[in-house]
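Novice: Structure: data_3.cif, mmCIF, C-alpha atoms and all ligand atoms.
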data_start
loop_
_atom_site.label_atom_id
_atom_site.label_comp_id
_atom_site.auth_asym_id
_atom_site.auth_seq_id
_atom_site.Cartn_x
_atom_site.Cartn_y
_atom_site.Cartn_z
CA MET Z 1 0.00 0.00 0.00
CA VAL Z 2 1.42 3.40 -0.97
CA HIS Z 3 1.81 6.05 1.74
CA ARG Z 4 2.27 9.26 -0.18
CA SER Z 5 4.71 10.86 2.26
CA GLN Z 6 7.27 8.07 1.78
CA ILE Z 7 7.27 7.34 -1.88
CA THR Z 8 8.85 8.60 -5.05
CA THR Z 9 6.70 7.86 -8.05
CA LEU Z 10 8.16 7.11 -11.46
CA THR Z 11 6.90 10.44 -12.79
CA GLN Z 12 8.40 12.39 -9.89
CA PHE Z 13 11.68 10.55 -10.32
CA ILE Z 14 11.92 11.22 -14.06
CA ILE Z 15 11.12 14.89 -13.56
CA GLN Z 16 13.75 15.19 -10.80
CA ARG Z 17 16.30 13.53 -13.09
CA GLN Z 18 15.40 15.87 -15.94
CA SER Z 19 17.15 18.72 -14.11
CA GLU Z 20 20.44 16.84 -14.67
CA TYR Z 21 20.00 17.42 -18.39
CA PRO Z 22 20.05 21.23 -18.72
CA HIS Z 23 18.74 21.31 -22.30
CA ALA Z 24 15.99 18.78 -21.72
CA LYS Z 25 12.51 19.94 -22.64
CA GLY Z 26 10.64 17.05 -21.08
CA ALA Z 27 10.30 14.91 -24.23
CA MET Z 28 12.03 11.89 -22.66
CA THR Z 29 9.88 12.32 -19.53
CA ARG Z 30 6.74 12.20 -21.62
CA LEU Z 31 8.00 9.28 -23.67
CA LEU Z 32 8.81 7.19 -20.59
CA ASN Z 33 5.42 8.06 -19.17
CA ASP Z 34 3.74 6.87 -22.39
CA ILE Z 35 5.61 3.57 -22.05
CA ALA Z 36 4.62 3.25 -18.39
CA THR Z 37 0.97 3.90 -19.25
CA ALA Z 38 0.95 1.21 -21.95
CA ALA Z 39 2.73 -1.16 -19.54
CA LYS Z 40 -0.03 -0.73 -16.96
CA ILE Z 41 -2.68 -1.62 -19.52
CA VAL Z 42 -0.70 -4.64 -20.75
CA ASN Z 43 -0.21 -5.65 -17.11
CA ARG Z 44 -3.96 -5.53 -16.55
CA GLU Z 45 -4.57 -7.81 -19.54
CA ILE Z 46 -1.86 -10.24 -18.44
CA ASN Z 47 -3.34 -10.45 -14.98
CA ALA Z 48 -6.74 -11.12 -16.47
CA ALA Z 49 -5.39 -13.54 -19.07
CA GLY Z 50 -6.47 -16.62 -17.20
CA LEU Z 51 -10.00 -15.28 -16.99
CA VAL Z 52 -10.71 -13.94 -20.44
CA ASP Z 53 -10.47 -15.32 -23.91
CA ILE Z 54 -7.15 -13.75 -24.64
CA LEU Z 55 -4.82 -16.64 -24.04
CA GLY Z 56 -3.86 -18.76 -26.99
CA THR Z 57 -2.79 -17.84 -30.50
CA VAL Z 58 -4.23 -15.64 -33.20
CA GLY Z 59 -3.19 -18.12 -35.87
CA LYS Z 60 -0.68 -15.79 -37.51
CA GLU Z 61 3.09 -15.94 -37.58
CA ASN Z 62 5.29 -12.92 -36.89
CA ILE Z 63 8.36 -11.98 -38.90
CA GLN Z 64 10.49 -14.43 -36.89
CA GLY Z 65 8.22 -17.29 -38.06
CA GLU Z 66 6.89 -17.85 -34.54
CA THR Z 67 3.23 -18.18 -33.77
CA GLN Z 68 1.91 -14.93 -32.35
CA LYS Z 69 0.02 -15.24 -29.11
CA LYS Z 70 -3.01 -13.03 -28.60
CA LEU Z 71 -1.29 -11.17 -25.79
CA ASP Z 72 1.73 -10.48 -28.04
CA VAL Z 73 -0.58 -8.78 -30.48
CA PHE Z 74 -2.40 -6.89 -27.76
CA ALA Z 75 0.86 -5.67 -26.20
CA ASN Z 76 2.29 -4.67 -29.57
CA ASP Z 77 -0.83 -2.67 -30.48
CA MET Z 78 -0.94 -1.06 -27.05
CA PHE Z 79 2.66 0.20 -27.09
CA ILE Z 80 2.33 1.42 -30.68
CA THR Z 81 -0.87 3.30 -29.86
CA ALA Z 82 0.61 4.88 -26.73
CA LEU Z 83 3.80 5.96 -28.49
CA LYS Z 84 2.02 7.26 -31.55
CA GLY Z 85 -0.46 9.21 -29.46
CA GLY Z 86 2.25 10.61 -27.20
CA GLY Z 87 3.92 12.52 -30.02
CA GLU Z 88 7.53 12.17 -28.82
CA CYS Z 89 8.37 9.15 -30.95
CA CYS Z 90 8.51 9.34 -34.76
CA ALA Z 91 9.05 5.61 -35.47
CA ILE Z 92 9.00 2.19 -33.85
CA ALA Z 93 10.69 -1.07 -34.69
CA SER Z 94 9.01 -4.02 -33.03
CA GLU Z 95 9.94 -7.66 -32.87
CA GLU Z 96 6.40 -8.32 -34.07
CA ASN Z 97 6.56 -6.20 -37.25
CA GLU Z 98 8.66 -6.78 -40.34
CA LYS Z 99 9.29 -3.13 -41.11
CA VAL Z 100 9.71 0.10 -39.21
CA ILE Z 101 6.42 1.70 -38.27
CA SER Z 102 6.84 5.32 -39.20
CA PHE Z 103 4.58 7.95 -37.72
CA SER Z 104 4.05 10.48 -40.39
CA ASN Z 105 1.19 12.57 -39.15
CA GLU Z 106 2.04 16.19 -38.34
CA PHE Z 107 1.96 15.54 -34.63
CA SER Z 108 4.20 12.48 -34.29
CA GLU Z 109 6.74 13.25 -36.98
CA LEU Z 110 7.97 16.12 -34.79
CA GLY Z 111 9.05 13.56 -32.22
CA LYS Z 112 12.82 13.38 -31.90
CA TYR Z 113 13.02 9.82 -30.59
CA VAL Z 114 12.58 6.33 -32.04
CA VAL Z 115 11.79 3.21 -30.04
CA ALA Z 116 12.79 -0.42 -30.61
CA MET Z 117 10.79 -2.90 -28.56
CA ASP Z 118 9.96 -6.48 -27.82
CA PRO Z 119 6.40 -5.90 -26.62
CA LEU Z 120 6.01 -9.27 -24.91
CA ASP Z 121 9.17 -11.23 -24.42
CA GLY Z 122 9.07 -14.84 -23.27
CA SER Z 123 5.51 -15.17 -24.52
CA SER Z 124 5.80 -18.94 -24.95
CA ASN Z 125 5.60 -18.96 -21.14
CA ILE Z 126 2.21 -17.25 -20.95
CA GLU Z 127 0.04 -20.35 -20.62
CA ALA Z 128 2.22 -21.60 -17.75
CA ASN Z 129 1.74 -18.42 -15.72
CA VAL Z 130 5.49 -17.74 -15.80
CA SER Z 131 6.90 -14.20 -15.69
CA ILE Z 132 7.13 -12.39 -19.01
CA GLY Z 133 8.33 -8.93 -19.93
CA THR Z 134 8.46 -5.95 -22.26
CA ILE Z 135 11.83 -4.63 -23.39
CA PHE Z 136 12.31 -1.14 -24.86
CA SER Z 137 15.14 0.95 -26.27
CA ILE Z 138 15.06 4.64 -27.08
CA TYR Z 139 17.34 6.39 -29.58
CA ARG Z 140 17.47 9.97 -30.79
CA ARG Z 141 16.52 10.09 -34.45
CA VAL Z 142 19.36 10.75 -36.88
CA THR Z 143 17.24 11.79 -39.85
CA GLU Z 144 16.09 15.38 -40.04
CA ALA Z 145 12.41 15.48 -40.82
CA GLY Z 146 9.23 13.57 -41.61
CA GLY Z 147 8.36 10.22 -40.11
CA GLY Z 148 11.24 8.23 -38.62
CA ARG Z 149 13.05 5.77 -40.90
CA GLN Z 150 14.95 2.51 -40.65
CA GLU Z 151 18.30 4.30 -40.39
CA ASP Z 152 17.08 5.97 -37.19
CA LEU Z 153 16.74 2.52 -35.67
CA LEU Z 154 19.85 0.86 -37.08
CA GLN Z 155 22.12 2.53 -34.55
CA PRO Z 156 24.63 0.71 -32.35
CA GLY Z 157 23.68 0.39 -28.70
CA ILE Z 158 26.35 2.89 -27.63
CA HIS Z 159 23.99 5.55 -28.98
CA LEU Z 160 21.07 4.53 -26.78
CA ALA Z 161 19.38 7.42 -25.00
CA ALA Z 162 17.47 5.12 -22.66
CA ALA Z 163 16.48 1.50 -22.26
CA GLY Z 164 14.40 -0.52 -19.88
CA TYR Z 165 12.13 -3.45 -19.27
CA ILE Z 166 8.89 -4.20 -17.55
CA ILE Z 167 8.64 -7.53 -15.77
CA TYR Z 168 5.16 -8.92 -15.27
CA GLY Z 169 5.93 -11.21 -12.36
CA SER Z 170 4.74 -11.81 -8.82
CA SER Z 171 4.81 -8.02 -8.80
CA THR Z 172 5.13 -5.79 -11.84
CA MET Z 173 8.26 -3.72 -12.11
CA LEU Z 174 9.65 -1.17 -14.52
CA VAL Z 175 13.45 -0.95 -14.60
CA TYR Z 176 15.17 1.65 -16.75
CA THR Z 177 18.30 3.66 -17.37
CA THR Z 178 19.08 6.86 -19.21
CA GLY Z 179 22.80 6.27 -18.80
CA LYS Z 180 23.07 7.45 -15.20
CA GLY Z 181 22.51 4.25 -13.28
CA VAL Z 182 19.63 1.83 -13.19
CA ASN Z 183 16.49 2.31 -11.15
CA GLY Z 184 13.59 -0.04 -10.52
CA PHE Z 185 9.96 0.85 -9.81
CA THR Z 186 7.30 -1.50 -8.50
CA LEU Z 187 3.70 -1.06 -9.55
CA ASP Z 188 1.36 -0.50 -6.63
CA PRO Z 189 -1.74 -2.07 -8.16
CA SER Z 190 -4.05 -0.44 -5.63
CA VAL Z 191 -3.35 3.00 -7.10
CA GLY Z 192 -1.80 2.10 -10.45
CA ILE Z 193 1.45 3.96 -9.79
CA PHE Z 194 5.04 2.80 -10.30
CA CYS Z 195 6.99 3.61 -7.11
CA LEU Z 196 10.77 3.70 -6.69
CA SER Z 197 11.63 0.43 -4.95
CA HIS Z 198 15.11 -0.45 -6.25
CA PRO Z 199 17.28 2.70 -6.46
CA ASP Z 200 20.67 2.53 -8.18
CA MET Z 201 20.64 -1.17 -8.98
CA LYS Z 202 24.03 -2.91 -9.23
CA PHE Z 203 25.04 -6.54 -9.69
CA PRO Z 204 26.00 -7.89 -6.25
CA THR Z 205 29.62 -8.96 -5.73
CA HIS Z 206 28.48 -12.35 -4.47
CA ALA Z 207 27.38 -13.91 -7.76
CA ASN Z 208 26.81 -17.64 -8.16
CA ILE Z 209 24.07 -18.22 -10.74
CA TYR Z 210 24.43 -19.31 -14.35
CA SER Z 211 21.46 -19.33 -16.70
CA ILE Z 212 21.58 -21.18 -19.99
CA ASN Z 213 19.39 -23.60 -21.93
CA GLU Z 214 21.63 -26.62 -21.44
CA GLY Z 215 19.37 -28.72 -23.66
CA ASN Z 216 21.31 -27.19 -26.55
CA TYR Z 217 24.63 -28.33 -25.06
CA ILE Z 218 25.82 -30.47 -27.98
CA PHE Z 219 25.40 -27.52 -30.36
CA PHE Z 220 27.35 -25.05 -28.19
CA PRO Z 221 30.81 -23.73 -29.08
CA GLU Z 222 33.72 -25.36 -27.25
CA GLY Z 223 34.31 -22.21 -25.15
CA VAL Z 224 30.77 -22.34 -23.75
CA LYS Z 225 31.03 -26.04 -22.98
CA LYS Z 226 34.23 -25.34 -21.05
CA TYR Z 227 32.61 -22.45 -19.22
CA ILE Z 228 29.68 -24.66 -18.16
CA LYS Z 229 32.18 -27.16 -16.81
CA TYR Z 230 33.92 -24.32 -14.96
CA CYS Z 231 30.59 -23.25 -13.41
CA GLN Z 232 30.10 -26.77 -12.08
CA GLU Z 233 33.54 -27.13 -10.48
CA ASN Z 234 34.10 -26.90 -6.76
CA ASP Z 235 35.88 -23.73 -5.54
CA SER Z 236 34.50 -21.97 -2.50
CA GLU Z 237 36.53 -18.80 -3.12
CA THR Z 238 34.62 -18.13 -6.33
CA PHE Z 239 31.31 -19.48 -4.92
CA ARG Z 240 31.45 -22.53 -7.22
CA PRO Z 241 29.77 -24.75 -8.07
CA TYR Z 242 27.31 -22.13 -9.27
CA THR Z 243 23.58 -22.66 -9.10
CA SER Z 244 21.80 -23.24 -12.39
CA ARG Z 245 18.58 -21.23 -12.91
CA TYR Z 246 16.75 -20.89 -16.22
CA ILE Z 247 13.23 -19.61 -16.70
CA GLY Z 248 13.30 -19.20 -20.47
CA SER Z 249 12.06 -15.61 -20.22
CA LEU Z 250 14.96 -13.25 -20.82
CA VAL Z 251 13.57 -10.41 -18.72
CA ALA Z 252 12.87 -12.68 -15.79
CA ASP Z 253 16.21 -14.49 -16.04
CA PHE Z 254 18.14 -11.23 -16.34
CA HIS Z 255 16.18 -9.50 -13.57
CA ARG Z 256 16.82 -12.36 -11.14
CA ASN Z 257 20.52 -12.37 -12.05
CA LEU Z 258 20.76 -8.61 -11.56
CA ILE Z 259 19.24 -8.88 -8.10
CA LYS Z 260 20.89 -12.10 -6.94
CA GLY Z 261 24.11 -12.14 -8.98
CA GLY Z 262 24.46 -14.28 -12.05
CA ILE Z 263 25.30 -14.62 -15.71
CA PHE Z 264 22.83 -15.25 -18.55
CA LEU Z 265 24.09 -17.00 -21.68
CA TYR Z 266 22.42 -17.50 -25.05
CA PRO Z 267 25.30 -18.53 -27.29
CA GLY Z 268 25.43 -19.14 -31.00
CA THR Z 269 25.09 -22.83 -31.86
CA THR Z 270 26.15 -24.99 -34.77
CA LYS Z 271 22.56 -24.69 -36.02
CA ASN Z 272 22.18 -20.94 -35.33
CA PRO Z 273 25.60 -19.27 -35.20
CA ASP Z 274 24.09 -15.94 -34.11
CA GLY Z 275 22.00 -17.52 -31.37
CA LYS Z 276 18.35 -16.68 -30.87
CA LEU Z 277 18.09 -13.27 -29.28
CA ARG Z 278 17.61 -10.12 -31.33
CA LEU Z 279 20.21 -7.42 -31.17
CA LEU Z 280 17.86 -4.45 -31.37
CA TYR Z 281 14.97 -5.64 -29.24
CA GLU Z 282 16.65 -7.83 -26.62
CA CYS Z 283 20.46 -7.73 -26.52
CA ASN Z 284 21.15 -3.98 -26.78
CA PRO Z 285 18.67 -2.76 -24.16
CA ILE Z 286 19.61 -5.48 -21.67
CA ALA Z 287 23.31 -4.85 -22.37
CA TYR Z 288 22.90 -1.13 -21.69
CA ILE Z 289 21.14 -1.80 -18.40
CA ALA Z 290 23.79 -4.39 -17.45
CA GLU Z 291 26.65 -1.97 -18.10
CA GLN Z 292 24.88 0.73 -16.13
CA ALA Z 293 24.54 -1.76 -13.27
CA GLY Z 294 28.30 -2.39 -13.26
CA GLY Z 295 28.14 -5.47 -15.49
CA LYS Z 296 29.15 -6.42 -19.00
CA ALA Z 297 27.50 -7.80 -22.15
CA SER Z 298 29.33 -9.53 -24.95
CA THR Z 299 28.99 -11.84 -27.94
CA GLY Z 300 31.91 -13.75 -26.43
CA PHE Z 301 34.30 -11.71 -28.55
CA LYS Z 302 32.83 -8.24 -28.84
CA ARG Z 303 30.96 -5.71 -26.75
CA ILE Z 304 27.27 -5.96 -27.66
CA LEU Z 305 26.74 -2.19 -27.63
CA GLU Z 306 29.42 -1.68 -30.31
CA ILE Z 307 27.83 -3.92 -32.94
CA GLU Z 308 26.73 -1.90 -35.99
CA PRO Z 309 23.30 -3.32 -36.84
CA LYS Z 310 22.70 -4.18 -40.49
CA THR Z 311 19.09 -5.34 -40.32
CA LEU Z 312 16.22 -4.77 -37.91
CA HIS Z 313 15.76 -8.37 -36.84
CA GLN Z 314 19.36 -9.57 -36.69
CA ARG Z 315 20.41 -11.83 -33.84
CA ALA Z 316 23.53 -11.98 -31.70
CA PRO Z 317 25.13 -14.46 -29.31
CA PHE Z 318 24.56 -13.00 -25.87
CA PHE Z 319 26.46 -13.25 -22.59
CA VAL Z 320 25.42 -10.79 -19.89
CA GLY Z 321 26.04 -10.43 -16.19
CA PRO Z 322 28.62 -9.29 -13.64
CA LYS Z 323 31.87 -8.20 -15.31
CA HIS Z 324 34.08 -10.95 -13.95
CA MET Z 325 31.67 -13.68 -15.04
CA VAL Z 326 31.37 -12.38 -18.60
CA GLN Z 327 35.15 -11.89 -18.79
CA LYS Z 328 35.60 -15.52 -17.78
CA VAL Z 329 33.36 -16.85 -20.53
CA GLU Z 330 35.09 -14.53 -23.03
CA ALA Z 331 38.44 -15.99 -21.98
CA PHE Z 332 37.16 -19.53 -22.65
CA MET Z 333 35.74 -18.42 -26.02
CA MET Z 334 39.04 -16.80 -27.08
CA GLU Z 335 41.08 -19.75 -25.92
CA SER Z 336 38.89 -22.24 -27.82
CA GLN Z 337 38.52 -20.13 -30.94
CA GLY Z 338 41.54 -21.56 -32.73
CA ASN Z 339 40.56 -25.16 -31.96
CA GLU Z 340 37.15 -25.18 -33.69
P1 LIG Y 401 10.54 -14.49 -27.73
O1 LIG Y 401 10.99 -13.08 -28.02
O2 LIG Y 401 9.94 -15.16 -28.94
O3 LIG Y 401 9.70 -14.57 -26.53
O4 LIG Y 401 11.88 -15.37 -27.50
C1 LIG Y 401 12.85 -14.88 -26.64
C2 LIG Y 401 12.93 -15.76 -25.44
C3 LIG Y 401 13.71 -15.11 -24.33
O5 LIG Y 401 12.84 -14.49 -23.43
C4 LIG Y 401 14.40 -16.28 -23.69
O6 LIG Y 401 15.60 -15.90 -23.07
C5 LIG Y 401 14.64 -17.20 -24.82
O7 LIG Y 401 13.66 -16.91 -25.79
C6 LIG Y 401 14.50 -18.64 -24.43
O8 LIG Y 401 14.80 -19.43 -25.53
P2 LIG Y 401 14.90 -21.03 -25.39
O9 LIG Y 401 13.51 -21.50 -25.20
O10 LIG Y 401 15.51 -21.45 -26.69
O11 LIG Y 401 15.78 -21.33 -24.23
MG MG Y 402 11.67 -11.67 -27.29
#
Written as C-alpha cells, that's how I'd like the structure from this file.

Specialist:
Amino acid sequence: MVHRSQITTLTQFIIQRQSEYPHAKGAMTRLLNDIATAAKIVNREINAAGLVDILGTVGKENIQGETQKKLDVFANDMFITALKGGGECCAIASEENEKVISFSNEFSELGKYVVAMDPLDGSSNIEANVSIGTIFSIYRRVTEAGGGRQEDLLQPGIHLAAAGYIIYGSSTMLVYTTGKGVNGFTLDPSVGIFCLSHPDMKFPTHANIYSINEGNYIFFPEGVKKYIKYCQENDSETFRPYTSRYIGSLVADFHRNLIKGGIFLYPGTTKNPDGKLRLLYECNPIAYIAEQAGGKASTGFKRILEIEPKTLHQRAPFFVGPKHMVQKVEAFMMESQGNE
C-alpha cells in the first residue's frame, strides 16, 4: 500500500532527473510516461489472461516465423498506440513487425526519438503463468524530418538514449536507465502507480548463478562447454559450483541475475551461429542496463553495444552479467577459438 509521504513515483523521479540534463525539454519524460501507461494496460490484460479469452494464439506468424500469441498482439498494439499518441516518438521497430512503423502525421513526426521494442518477451511462457516482460530501447533520431526511418533505428547500442524493461511477475516492475545508473519501480496495483523500490541497482559482488538452456549443449561452441564445466567445479573462493537457474524468459532471467548475482548465456550454436536473441529488441537494451549496473554484455568476442546493426531483426550471441563472469566466458571463447 502506498503512503504518499514516503514514496517517489516514477513520474516524480523522471522529472527530478530531468534537471540533470540542462537542455531537456521534457520529451524523454513524456516518452517514458507513455511507455509506463501502456505497460499498466498490458499488465492488466496479463493479470486477467487466465479469466478472459485472450490466451492462446491468433493463428498468424510474426516476422520471426513464430506463432503470435493473442497477448503479443495486444501488447504490440498497445505500445504502438501509446507511443504514436504521445507525439515524442517518430518511429517504432518491433519484434512483431517486419518493417519500421513510421509515424508520419504532423503531430508524431515532430518527435525526436525512435523506439525499438519487444512488446512481450518470453511469450511462450504465458500459458504456464510464468513471468514475461516488455523490453524497450530509445534512440534519438538521426534523420532530419518527416516520419522516422529505418536508419534511425539501425544505430549501435552505444547511442542509446534510454532502455528498460517491464517484468510482469509476482509483482510488476519497470526498470530503466538513461545512462546514469539503473532504477527499478514497482507497480502499486491499488493506485496504479510505479513507485521507486530499487534505487541505483548494481550486480552484487556475491554472484553464483548461471542461466543457460543446457538442452542445446551439444550444439554449443567449445568455449561455452568449457565455461559450463567451470561453473560446475568446486571452488568456494569463487562461490562454485554455481547454481543453475533458467526460466526461459529473458527479462525474468536477467532480472533475477541482476538482483541475486548471475550470468545469462544465449550462445550461437552450430545450427544458429548468431544464437536466438535479437540485437535491437533484446540484446542492446539489456546490455545497456547491465553496463549501467556495473556489469558487461558480450557476444563472447565483442561488446554488444558496439555492434553496428545491419538489419532490424538480426540476432547476436549474448552473454550478460557481472563483469568478472562475462570476462571468464570470453576468456574460454578466445582460448577455444583456434581449436574449432
Ligand atoms: P521471444 O521473443 O519469442 O519470446 O523469445 C525470446 C525468449 C527469451 O525471453 C528467452 O531468453 C529465450 O527466448 C529462451 O529461448 P529457449 O527457449 O531457446 O531457451
Ligand atoms: Mg523476445

Novice: Residues contacting ligand LIG 401 (chain Y) - anything with an atom at most 9 Å away, using all atoms listed in the file - can you give me those as a PyMOL selection string?

Specialist: chain Z and resi 64+66-68+95-96+118-125+132-133+212-216+246-254+264-266+275-278+281-282

Novice: Residues near stretch 101-105 of chain Z, anyone? I mean within 8 Å using all atoms listed in the file, not counting same-chain ones fewer than 2 positions away, as a CSV table (one decimal) with C-alpha atoms, keeping the file's coordinate frame.

Specialist:
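Writing done, so here's selection_36.csv:
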chain,number,residue,atom,x,y,z
Z,84,LYS,CA,2.0,7.3,-31.6
Z,89,CYS,CA,8.4,9.2,-31.0
Z,90,CYS,CA,8.5,9.3,-34.8
Z,91,ALA,CA,9.0,5.6,-35.5
Z,92,ILE,CA,9.0,2.2,-33.8
Z,93,ALA,CA,10.7,-1.1,-34.7
Z,97,ASN,CA,6.6,-6.2,-37.2
Z,99,LYS,CA,9.3,-3.1,-41.1
Z,107,PHE,CA,2.0,15.5,-34.6
Z,108,SER,CA,4.2,12.5,-34.3
Z,109,GLU,CA,6.7,13.2,-37.0
Z,146,GLY,CA,9.2,13.6,-41.6
Z,147,GLY,CA,8.4,10.2,-40.1
Z,148,GLY,CA,11.2,8.2,-38.6
Z,149,ARG,CA,13.0,5.8,-40.9

Novice: Can you measure atom CA of Z:Ile167 to atom CA of Z:Gln232 for me? One decimal in Å is fine.

Specialist: 29.1 Å

Novice: For Z:Thr177, please output as number ranges by chain all residues within 7 Å (counting only C-alpha atoms; exclusion window: fewer than 5 positions along the same chain).

Specialist: Z: 162-164, 182-183, 289

Novice: When distances are computed from only C-alpha atoms, which of Z:Phe203, Z:Tyr288, Z:Tyr210, Z:Phe136 shows the smallest separation from Z:Lys260?

Specialist: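 Ranked by minimum distance to Z:Lys260, first place goes to Z:Phe203.
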
Novice: With N, CA, C and O atoms as the goal, would you fill in the gaps in stretch 234-249 of chain Z and present it as a short mmCIF file (atom, residue, chain, number, x, y, z; two decimals), in the coordinates of the input?

Specialist:
data_model
loop_
_atom_site.label_atom_id
_atom_site.label_comp_id
_atom_site.auth_asym_id
_atom_site.auth_seq_id
_atom_site.Cartn_x
_atom_site.Cartn_y
_atom_site.Cartn_z
N ASN Z 234 34.16 -27.27 -8.17
CA ASN Z 234 34.10 -26.90 -6.76
C ASN Z 234 35.23 -25.92 -6.42
O ASN Z 234 36.40 -26.25 -6.59
N ASP Z 235 34.87 -24.71 -6.00
CA ASP Z 235 35.88 -23.73 -5.54
C ASP Z 235 35.18 -22.68 -4.70
O ASP Z 235 34.53 -21.77 -5.22
N SER Z 236 35.30 -22.82 -3.39
CA SER Z 236 34.50 -21.97 -2.50
C SER Z 236 34.87 -20.50 -2.64
O SER Z 236 34.03 -19.62 -2.45
N GLU Z 237 36.12 -20.21 -3.00
CA GLU Z 237 36.53 -18.80 -3.12
C GLU Z 237 35.74 -18.05 -4.19
O GLU Z 237 35.48 -16.86 -4.08
N THR Z 238 35.39 -18.77 -5.25
CA THR Z 238 34.62 -18.13 -6.33
C THR Z 238 33.15 -18.57 -6.30
O THR Z 238 32.44 -18.44 -7.30
N PHE Z 239 32.71 -19.08 -5.16
CA PHE Z 239 31.31 -19.48 -4.92
C PHE Z 239 30.86 -20.61 -5.85
O PHE Z 239 29.68 -20.73 -6.18
N ARG Z 240 31.81 -21.39 -6.36
CA ARG Z 240 31.45 -22.53 -7.22
C ARG Z 240 31.37 -23.82 -6.40
O ARG Z 240 32.08 -23.94 -5.42
N PRO Z 241 30.56 -24.76 -6.84
CA PRO Z 241 29.77 -24.75 -8.07
C PRO Z 241 28.64 -23.72 -8.02
O PRO Z 241 28.01 -23.52 -6.98
N TYR Z 242 28.41 -23.08 -9.18
CA TYR Z 242 27.31 -22.13 -9.27
C TYR Z 242 25.99 -22.87 -9.27
O TYR Z 242 25.92 -24.08 -9.53
N THR Z 243 24.94 -22.12 -9.02
CA THR Z 243 23.58 -22.66 -9.10
C THR Z 243 23.05 -22.42 -10.50
O THR Z 243 23.23 -21.33 -11.05
N SER Z 244 22.38 -23.41 -11.06
CA SER Z 244 21.80 -23.24 -12.39
C SER Z 244 20.33 -22.82 -12.26
O SER Z 244 19.57 -23.44 -11.52
N ARG Z 245 19.98 -21.72 -12.93
CA ARG Z 245 18.58 -21.23 -12.91
C ARG Z 245 18.21 -20.78 -14.31
O ARG Z 245 18.91 -19.95 -14.88
N TYR Z 246 17.15 -21.31 -14.88
CA TYR Z 246 16.75 -20.89 -16.22
C TYR Z 246 15.24 -20.92 -16.35
O TYR Z 246 14.61 -21.96 -16.24
N ILE Z 247 14.68 -19.74 -16.57
CA ILE Z 247 13.23 -19.61 -16.70
C ILE Z 247 12.81 -19.75 -18.16
O ILE Z 247 11.77 -20.31 -18.48
N GLY Z 248 13.67 -19.21 -19.05
CA GLY Z 248 13.30 -19.20 -20.47
C GLY Z 248 12.55 -17.95 -20.85
O GLY Z 248 11.90 -17.88 -21.89
N SER Z 249 12.63 -16.94 -19.99
CA SER Z 249 12.06 -15.61 -20.22
C SER Z 249 13.21 -14.66 -19.95
O SER Z 249 13.64 -14.51 -18.80
#
